Every structure is written in C-alpha cells, then in structure tokens.
Amino acid sequence: MIFRKFKQYSAFSAMWLACGLTVAILLAVIGYVIIRGFSHISMDFFLTPPRGGLSGEGGISSTIIATLYLVGTTLFFATPLGVGAGIFLVEYADSVRSMFVQKLVVIARFGVETLAGVPSIVFGLFGYALFVTTLHFGFSILSAALAGTCLVIPVIIRTTEEALKAVPVSYREASLAMGAGKWETIWKVVLPSAITGISTGIVLSAGRIVSETAIFYVTLGGSYRTPTSLMSSGRTMALHVYYLAMETRAFDKALATGAVLVVLIIILNLVINTISRWLSA
Amino acid sequence: MKYSLLFAALASILIVMMIGIFTFREALPAFRDIGVKNLLTESAWRPGEGQYGILAMIAGSGLVTLGAIVLGVPLALGCAIFLSEIAHPNLRAFVKPCVELLAGIPSVVYGLFGMVIIVPVVRGIDIPGNTGFGLFSASIVLAVMILPTITSVAEHAIRSVPKEFREGSLALGATKWETIQKVIIPGARSGIISAIVLGLGRALGETIAMIMVIGNSVIIPAASTDNPLSIFLSRARTLTGNIAVEINYATGLHESALFATGVILFVLIIVVNSSAKYLMSHGSLEKIR
C-alpha cells in the first residue's frame, strides 16, 4: 500500500510539475516580451511611422493602420459568409428534403472541417496564385484580406453554429406559432438571442488576423508606408515584428511591437472570456 | 433566402476546391518536368542550377516535428490529466485560460522569443558548428506552440470518460492514480492519440516561427559528433519555410516547385487531420461498452 501511495504521489507531482511548467512558460514569454518591450515604448512609438530602410528606426503608426484596415476588410468578407453558413447548417440543413441538397450539406460540412485544418502558408500560396498574380490584385490589402477570409471562415462558422444551437427551440416555436415565417423567425428572434455568441467568433477572427504572419508575408507585400486604399501594399504589426527581427535585427523595436501585439491579444481574450461568462450567467 | 445561405455554406468547400485546383495547376510544370520521384528523393535544392529536391526539407520538417512531439507531448498530457482529474476547480479556472492564451500568442512572438532567449542559450552547448539556430531551438519553440492544442483536445477526451468508470475502479480499491493509469487513460486513448495527431498537424503547418529559429539552411541534418542527438543542433529548413522564404522572388520552374511543395504539404496535412478525425470517431470507448 505504501508503494502504491508512493507511486501516486510521484505521478501527481509530475503532473503538478507539467502544469506549473506550462504556466511558467506562458508567464516567461509574456512577461519577457512585455517588460523588455515596454521599456522602448513611448507615445511617439505609436504616432510615428517606421523610418524604413535597414535602420529599424521609427514607430509603428502605419502598421497599426494597416492592421486595422486588414482586420476590417477581412471581417467585411468573412462575417456574412461565415454567419450565413452557420445559419444554414443549424437552421435549414436538417429540414431539407431533396436528396441533392442533403448531399450538398454533407459536402459543406466536410469543407468546413478541411478548411479548418489547412496550414496558413497554403492559404498564403493560394492567395498569391489567385489574388496576387492571376487576378492582378498585386500585393495589396485586398489580396491579403481575401486570403485571410479563408483562414477565419471556419472559426466564424463554428462559433455561429454553437451560438445558434444554444438558442432554445421554444423561442423558434413561439415565433412560428405567432405566424412568423421561417426567415422572419431567424432574423427577429433567433439571431438577436445568438448575437453575443456570434460576436465571440468575430472577435476571435480579429485576433487570428492580428496574429497571423505567414499568409500576409506572401500576399501583403510588406511596404512600411501607410496604406491609402484597398490596393495598397502594407505591413501588419505581426509582419513588422518579423521584418524587424529577421531583416534589420532591430530586436528592441521588434520586442516593443511584439509587446503591443501581446497586450492586444490579452485584451481580445479578456473580451471573449467576458462575453462567454456573460452568456452562461 | 435559404439558397443564398446554402451558397454561403458551400463557400468553404469551394475555397478548398479552389486551393486544390490553383496550387495543383501551378505545381503541374514541376510535377511534369522534375517528376514526383525526383522531387521527393533528391537532396539538392539549387534553383539556380535547376536542382529541385525537397528531401532536405522533408527531413527538416520531420525532425523538428519529432522533436516538438517528444518535448511537448509529456508536458501537454500531464497538463491535460492534471486539469481534468487532479486540479481543484479554482486552480483549473486559472490554468485553463492560461493554456488558451498560450494558443493565442502570435507565432511571430514565439519566433522572436526563440531568437532572443532560446537561441543564445542553445548556442552555449559546446559543439563545433553550433550556432544556436537549428532543430533543437525550433523543437523547443514548436513544442510550446502545439502544447495548447494537445492539452485541450486530450482534456476534453479525458473528461468525456463516463463517471461510472472512475467510481467502479475506486470502489474496487484502486488508488486515484491507478484509476487514471488503468481505467481513464485507456478509456480516453483514441481521443488522446487524436490530440497528438492534431498537434502533429499543427507542427507540420507552422511557418513563421520556424523560419526565425531553424536557420533555414538547405541541408539534410546530420550529427556533428559521435552523439546521435547532436543531429538536433544542425540547421535545417522546413517545407513551410521553403515556400515562405522563396515564393516572393521565384519564377518559372522554381515557383512551380514551391507550389509542388505546397501541394505535398496540403496532402500531408489532410491525411494527418483525417486520421485524427477517424481516431476520434472510431474511439476505443465503444469497444469497452
């Protein structure tokens, strides 16, 4: 018995250690980047554009604008498609009678699953082949946003599905019993109750676009100037970190930009957690 | 309305098909002129001289993934078992968001951390030709990056083992650890394996962080001393890195060869992910029942 207790004791200690180590890694990465990064951050850092060239000097103002621009454009394409797909899969898919449409539903679900597993560099490659070269959009916000849309669509579809499934069936029944049509019910009853859940998916997607680098490395071009239109090239904050670290070896500036990114991601995570807690309350 | 929503639902499969068609179309000249066999088995990648073999990159991706699995899996599984079976709910409520946050940190930040902290430490290992950049540093970074994926999928699998299994085992006089070891882990086996396979898929697909720490040399990694583990101090290049580093200036057959690399990666990941899905749906739990 003592031996068995001892075995349990050592196994549990190993697991405490594994968990402790995981949290320690998280704190080390975040702590290091934030502490080292913030010592190089001032108001000017946010307000001036990068100087360009090989100096690594200057701030990050144009990369902030490019990031916002890209996130906005991507969500503009991805949100209607993702939410629409989610609505179809939850509200309509099970009630279709035609065999053909049923087959399409199976194929659509397979598509969502496959898309969720595609590595981001393949999206980049695809975006480069289709949007940058074949369609002649060039290295631009538009090309990058369309490639980024492929990345976040599965995220939005899944969270939309979850959110819609959480709406009680009685809501739908009540609305239908009052004489509302199917779409009217979805639009006026189901969607308003699911809107907070759906918004976590959108925030999550924004986070994915902010942190993604590989796709935009091959579709966005990397110009450090402030983008002026959909067809301008640009550089997101994440991409800026990469260029600073790899091309100019300006690690202090890279860490400072990385710190801004990490803080942004923490804030987005807090927003998502708050929404989910609010939902389950 | 219904049909426009159906179209939205079909957008994903359309994208998947377009990715397949476009990358394959661009890769076709490479498959035709270089040949699949040469592409996969030649070790020399010298686009200037018309040599396009991706064996070195396959070795690089394979070894770094192996390293990440060896380092990351014990940690991730320990974490998963701890969170689902041992941790007090309050502690779990603290650790779980931490693991999620670990998944949210941009890969470029991991790469940067690797360059600034891990590479200089690894450089301290006194072996000729060791620059710090290489498979070992990359494996460490990658292990941290796949940890959240494996932890959350495995934790979910462990939690879905029915409560009766635990109670039965404890009632028979087994200790808590014996229950975990002999009842819960076997019961969640398929879920745990698919968690590892999913982690493997993520590891194969990671790009930016790998470029930053692996050194990017096109060589087949080899041990530099008598100790075979020194192979991990060798520089290497991953399949993903090969695409990202060269695509922006590649033309002609070179560009096509990069697309071929992408097709191979795409196929590889689909195989990996489908096997994870297969394991998940044909779980061992059904057999027990």
# chains A, B, ... in the order shown; residues from 1 in each chain; ligands from 1
>>> interface_residues(of="chain A", to="chain B", cutoff="6 Å", atoms="only C-alpha atoms", output="list in words")
Gln8, Met15, Ala18, Cys19, Leu81, Gly84, Ala85, Phe88, Ala108, Gly111, Val112, Pro119, Phe126, Ser211, Ala214 and Gly258 of chain A
>>> residues_around(residues="B:Gly124", least_positions_apart="6", cutoff="12 Å", atoms="only C-alpha atoms", output="list in words")
Ile117, Ile118, Asn130, Thr131, Gly132, Phe133, Ser137 and Leu233 of chain B
>>> atom_distance(atom1="atom CA of A:Val132", atom2="atom CA of A:Met231")
10.5 Å
>>> closest_residue(among="A:Leu70, A:Val218, A:Leu89, A:Leu239", to="A:Gly124", atoms="only C-alpha atoms")
A:Val218
>>> atom_distance(atom1="atom CA of A:Pro192", atom2="atom CA of A:Ala93")
20.4 Å
>>> select_by_dssp(residues="stretch 8-146 of chain A", states="helix (DSSP H, G or I)", output="PyMOL selection string")
chain A and resi 8-38+43-47+61-95+99-117+120-134+141-146
